[in-house]
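The block underneath contains the structure these notes are about, expressed in structure tokens.
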Amino acid sequence: MKKLTEEASNYNNLEEKPVKELLEGINKEDKTVAYAVEKELPQIQKLVEVIVEKMQSGGRLFYIGAGTSGRLGVLDASECPPTYGVPFDMVVGIIAGGDKAIRKAVENAEDDDQQAWNDLSAYHINAKDFLIGIAASGTTPYVLGGLTKANKMGIETGCIVCNEDSPVAAAAKFPVEVIVGPEFVTGSTRMKSGTAQKLVLNMISTSVMIRLGRVKGNKMFDMQLSNHKLFGRAVNMIMESTNTDIETARQLLNKYGSVRKAVENYK
């Protein structure tokens, strides 16, 4: 297969360029990413609709990936509980090499095509769940092995890749292929490819949570109140939803502990 993610950058002699020119070049390349994602909206829609169906029936969403791809999956999963008030095991991000690989690369972790299934098995993944493999190259053995085994076990699968006709996309039942082309620094897929993956992950988790009823209007009614800023935001939501004063809103929030419960119990 042809790996566009590994092709030579359209820019050269980068070390000789002034900062202004470097920034302009990176920005120019970044502008193309959203358009590449737009082309895949029909595929992303199919993916989301299946995930929603699974999760409405009590299933979970899993992400697996290595390096930057794995970190992005862990990031997206970790933001779902505080943003939408869901259980911590409802969206699970797994990175090759374990949690220590989030901060420091683990040598050869992505080359083991059996380890992803071992990692997933620790969560008792089953046919009620959905698995997304994230791999810019579309060839990562860790991801490919996990998807292949999941398919054999009757688990629905999807992927986010940045090369065409990749083994990972072939293994996924619902592939998303965002083709962003050569990176500004040759092969540095943490750049455009990583940005594309983050955009798609944002789309998936946000739209899934909305369809699961975790947003009301355009507000995060189930968010965790983990700091003063969020408590103040919650008070404002209650005031807006109930047309009450700030002190009453604060009392409701302190009593019920969440925006949704406060609004539902307001009389």
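Chain labels run A, B, ... following the order of the structure tokens; each chain numbers its residues from 1, and ligands are numbered from 1 in the order shown.
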
Point to revise | Secondary structure check, strand (DSSP E) residues of region 22-263 of chain A, as an MDAnalysis selection string | key: chainID A and resid 61:65 91:95 130:135 156:161 174:177

Review point. What's the 9 Å shell around region 182-199 of chain A, counting only C-alpha atoms, without same-chain residues fewer than 4 positions away, as a ChimeraX atom specification?
Key: /A:4-12,14,25-26,29-30,32-34,36-37,67-69,72-73,76,134-137,160-162,178,203-204

Practice item. Identify all residues of region 94-254 of chain A in alpha helix (DSSP H) (DSSP on the backbone) and supply them as number ranges by chain. Key: A: 115-121, 141-152, 167-171, 192-211, 228-242, 246-254

Can you write just those residues out, C-alpha atoms, as a PDB file, in the first residue's frame?
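And here's part14.pdb as it stands now:
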```pdb
ATOM      1  CA  GLN A 115      -1.307  -7.429  23.202  1.00  0.00           C
ATOM      2  CA  ALA A 116      -4.303  -5.281  22.273  1.00  0.00           C
ATOM      3  CA  TRP A 117      -6.669  -8.198  22.770  1.00  0.00           C
ATOM      4  CA  ASN A 118      -4.982  -9.007  26.088  1.00  0.00           C
ATOM      5  CA  ASP A 119      -5.517  -5.404  27.165  1.00  0.00           C
ATOM      6  CA  LEU A 120      -9.149  -5.416  26.016  1.00  0.00           C
ATOM      7  CA  SER A 121      -9.829  -8.730  27.737  1.00  0.00           C
ATOM      8  CA  PRO A 141       0.193  -4.340  14.439  1.00  0.00           C
ATOM      9  CA  TYR A 142      -1.199  -3.591  17.928  1.00  0.00           C
ATOM     10  CA  VAL A 143      -4.328  -2.026  16.435  1.00  0.00           C
ATOM     11  CA  LEU A 144      -4.691  -4.476  13.563  1.00  0.00           C
ATOM     12  CA  GLY A 145      -4.411  -7.464  15.889  1.00  0.00           C
ATOM     13  CA  GLY A 146      -7.013  -6.028  18.258  1.00  0.00           C
ATOM     14  CA  LEU A 147      -9.535  -5.346  15.499  1.00  0.00           C
ATOM     15  CA  THR A 148      -9.010  -8.748  13.878  1.00  0.00           C
ATOM     16  CA  LYS A 149      -9.615 -10.610  17.145  1.00  0.00           C
ATOM     17  CA  ALA A 150     -12.618  -8.423  17.981  1.00  0.00           C
ATOM     18  CA  ASN A 151     -14.208  -9.265  14.638  1.00  0.00           C
ATOM     19  CA  LYS A 152     -13.779 -12.973  15.360  1.00  0.00           C
ATOM     20  CA  PRO A 167      -4.891  -3.190   6.554  1.00  0.00           C
ATOM     21  CA  VAL A 168      -6.521  -1.524   9.568  1.00  0.00           C
ATOM     22  CA  ALA A 169      -9.285  -0.027   7.402  1.00  0.00           C
ATOM     23  CA  ALA A 170      -9.792  -3.400   5.744  1.00  0.00           C
ATOM     24  CA  ALA A 171     -10.186  -5.035   9.149  1.00  0.00           C
ATOM     25  CA  LYS A 192      -1.934  16.878  10.496  1.00  0.00           C
ATOM     26  CA  SER A 193      -2.801  13.229  11.049  1.00  0.00           C
ATOM     27  CA  GLY A 194      -3.080  13.735  14.789  1.00  0.00           C
ATOM     28  CA  THR A 195      -5.208  16.838  14.273  1.00  0.00           C
ATOM     29  CA  ALA A 196      -7.520  14.911  11.951  1.00  0.00           C
ATOM     30  CA  GLN A 197      -7.871  12.089  14.456  1.00  0.00           C
ATOM     31  CA  LYS A 198      -8.665  14.554  17.251  1.00  0.00           C
ATOM     32  CA  LEU A 199     -11.347  16.234  15.130  1.00  0.00           C
ATOM     33  CA  VAL A 200     -12.983  12.907  14.336  1.00  0.00           C
ATOM     34  CA  LEU A 201     -12.822  11.753  17.966  1.00  0.00           C
ATOM     35  CA  ASN A 202     -14.452  15.032  19.029  1.00  0.00           C
ATOM     36  CA  MET A 203     -17.232  14.387  16.519  1.00  0.00           C
ATOM     37  CA  ILE A 204     -17.762  10.812  17.641  1.00  0.00           C
ATOM     38  CA  SER A 205     -17.873  11.304  21.401  1.00  0.00           C
ATOM     39  CA  THR A 206     -19.800  14.575  21.253  1.00  0.00           C
ATOM     40  CA  SER A 207     -22.498  13.363  18.873  1.00  0.00           C
ATOM     41  CA  VAL A 208     -22.810  10.046  20.726  1.00  0.00           C
ATOM     42  CA  MET A 209     -23.271  11.803  24.071  1.00  0.00           C
ATOM     43  CA  ILE A 210     -25.849  14.172  22.595  1.00  0.00           C
ATOM     44  CA  ARG A 211     -27.816  11.240  21.179  1.00  0.00           C
ATOM     45  CA  HIS A 228     -15.418  26.811  41.050  1.00  0.00           C
ATOM     46  CA  LYS A 229     -15.635  27.735  37.359  1.00  0.00           C
ATOM     47  CA  LEU A 230     -17.885  24.779  36.582  1.00  0.00           C
ATOM     48  CA  PHE A 231     -20.007  25.399  39.686  1.00  0.00           C
ATOM     49  CA  GLY A 232     -20.575  28.969  38.496  1.00  0.00           C
ATOM     50  CA  ARG A 233     -21.435  27.747  35.001  1.00  0.00           C
ATOM     51  CA  ALA A 234     -23.909  25.283  36.511  1.00  0.00           C
ATOM     52  CA  VAL A 235     -25.586  28.029  38.550  1.00  0.00           C
ATOM     53  CA  ASN A 236     -26.028  30.074  35.376  1.00  0.00           C
ATOM     54  CA  MET A 237     -27.562  27.072  33.599  1.00  0.00           C
ATOM     55  CA  ILE A 238     -30.079  26.619  36.388  1.00  0.00           C
ATOM     56  CA  MET A 239     -30.963  30.310  36.402  1.00  0.00           C
ATOM     57  CA  GLU A 240     -31.489  30.257  32.648  1.00  0.00           C
ATOM     58  CA  SER A 241     -33.550  27.060  32.682  1.00  0.00           C
ATOM     59  CA  THR A 242     -35.781  27.942  35.642  1.00  0.00           C
ATOM     60  CA  ILE A 246     -28.798  33.306  41.657  1.00  0.00           C
ATOM     61  CA  GLU A 247     -29.238  32.437  45.328  1.00  0.00           C
ATOM     62  CA  THR A 248     -32.076  30.003  44.621  1.00  0.00           C
ATOM     63  CA  ALA A 249     -30.016  28.439  41.840  1.00  0.00           C
ATOM     64  CA  ARG A 250     -27.079  27.951  44.207  1.00  0.00           C
ATOM     65  CA  GLN A 251     -29.315  26.353  46.827  1.00  0.00           C
ATOM     66  CA  LEU A 252     -30.796  23.992  44.250  1.00  0.00           C
ATOM     67  CA  LEU A 253     -27.364  22.987  43.008  1.00  0.00           C
ATOM     68  CA  ASN A 254     -26.057  22.383  46.537  1.00  0.00           C
TER      69      ASN A 254
END
```

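Every protein, DNA or RNA residue with an atom at most 7 Å from Met220 (chain A), where only C-alpha atoms count and chain neighbours fewer than 5 positions away do not, is listed here: Thr83, Tyr84, Arg214 and Val215 of chain A.
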
Revision key, fill the gap. Val176 (chain A) proximity check over A:Ser78, A:Gln43, A:Thr140, A:Asn13, using only C-alpha atoms: winner is A:Gln43

Practice item. Return the single residue from A:Ile95, A:Ala127, A:Ile179, A:Val86 that is closest to Met223 (chain A), with distances computed using only C-alpha atoms. Key: A:Val86

Review point. Can you list, as a list in words, every protein, DNA or RNA residue that comes within 10 Å of Arg71 (chain A) when you count only C-alpha atoms, leaving out same-chain residues fewer than 4 positions away?
Key: Tyr63, Ile64, Gly65, Ala66, Gly67, Leu75, Asp76, Ala77, Gly93, Ile94, Ile95, Ala96, Asp99, Ala101, Ile102, Arg103, Ile134 and Gly194 of chain A

Residues from last step as file, C-alpha atoms, as a PDB file, in the first residue's frame:
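Output file again-v5.pdb is given in full below:
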```pdb
ATOM      1  CA  TYR A  63     -10.408   3.030  21.682  1.00  0.00           C
ATOM      2  CA  ILE A  64      -7.075   1.320  21.009  1.00  0.00           C
ATOM      3  CA  GLY A  65      -3.961   2.909  19.546  1.00  0.00           C
ATOM      4  CA  ALA A  66      -0.204   3.360  19.865  1.00  0.00           C
ATOM      5  CA  GLY A  67       1.857   6.527  20.298  1.00  0.00           C
ATOM      6  CA  LEU A  75      -7.639  11.812  26.035  1.00  0.00           C
ATOM      7  CA  ASP A  76     -11.059  11.594  24.407  1.00  0.00           C
ATOM      8  CA  ALA A  77     -12.180   8.811  26.742  1.00  0.00           C
ATOM      9  CA  GLY A  93      -9.058   4.454  25.953  1.00  0.00           C
ATOM     10  CA  ILE A  94      -6.223   1.929  25.796  1.00  0.00           C
ATOM     11  CA  ILE A  95      -2.700   2.737  24.618  1.00  0.00           C
ATOM     12  CA  ALA A  96      -0.034   0.224  23.580  1.00  0.00           C
ATOM     13  CA  ASP A  99      -0.692   4.099  30.898  1.00  0.00           C
ATOM     14  CA  ALA A 101       3.185   5.136  27.494  1.00  0.00           C
ATOM     15  CA  ILE A 102       0.986   8.247  27.729  1.00  0.00           C
ATOM     16  CA  ARG A 103       4.000  10.230  28.939  1.00  0.00           C
ATOM     17  CA  ILE A 134      -6.791   4.549  15.812  1.00  0.00           C
ATOM     18  CA  GLY A 194      -3.080  13.735  14.789  1.00  0.00           C
TER      19      GLY A 194
END
```
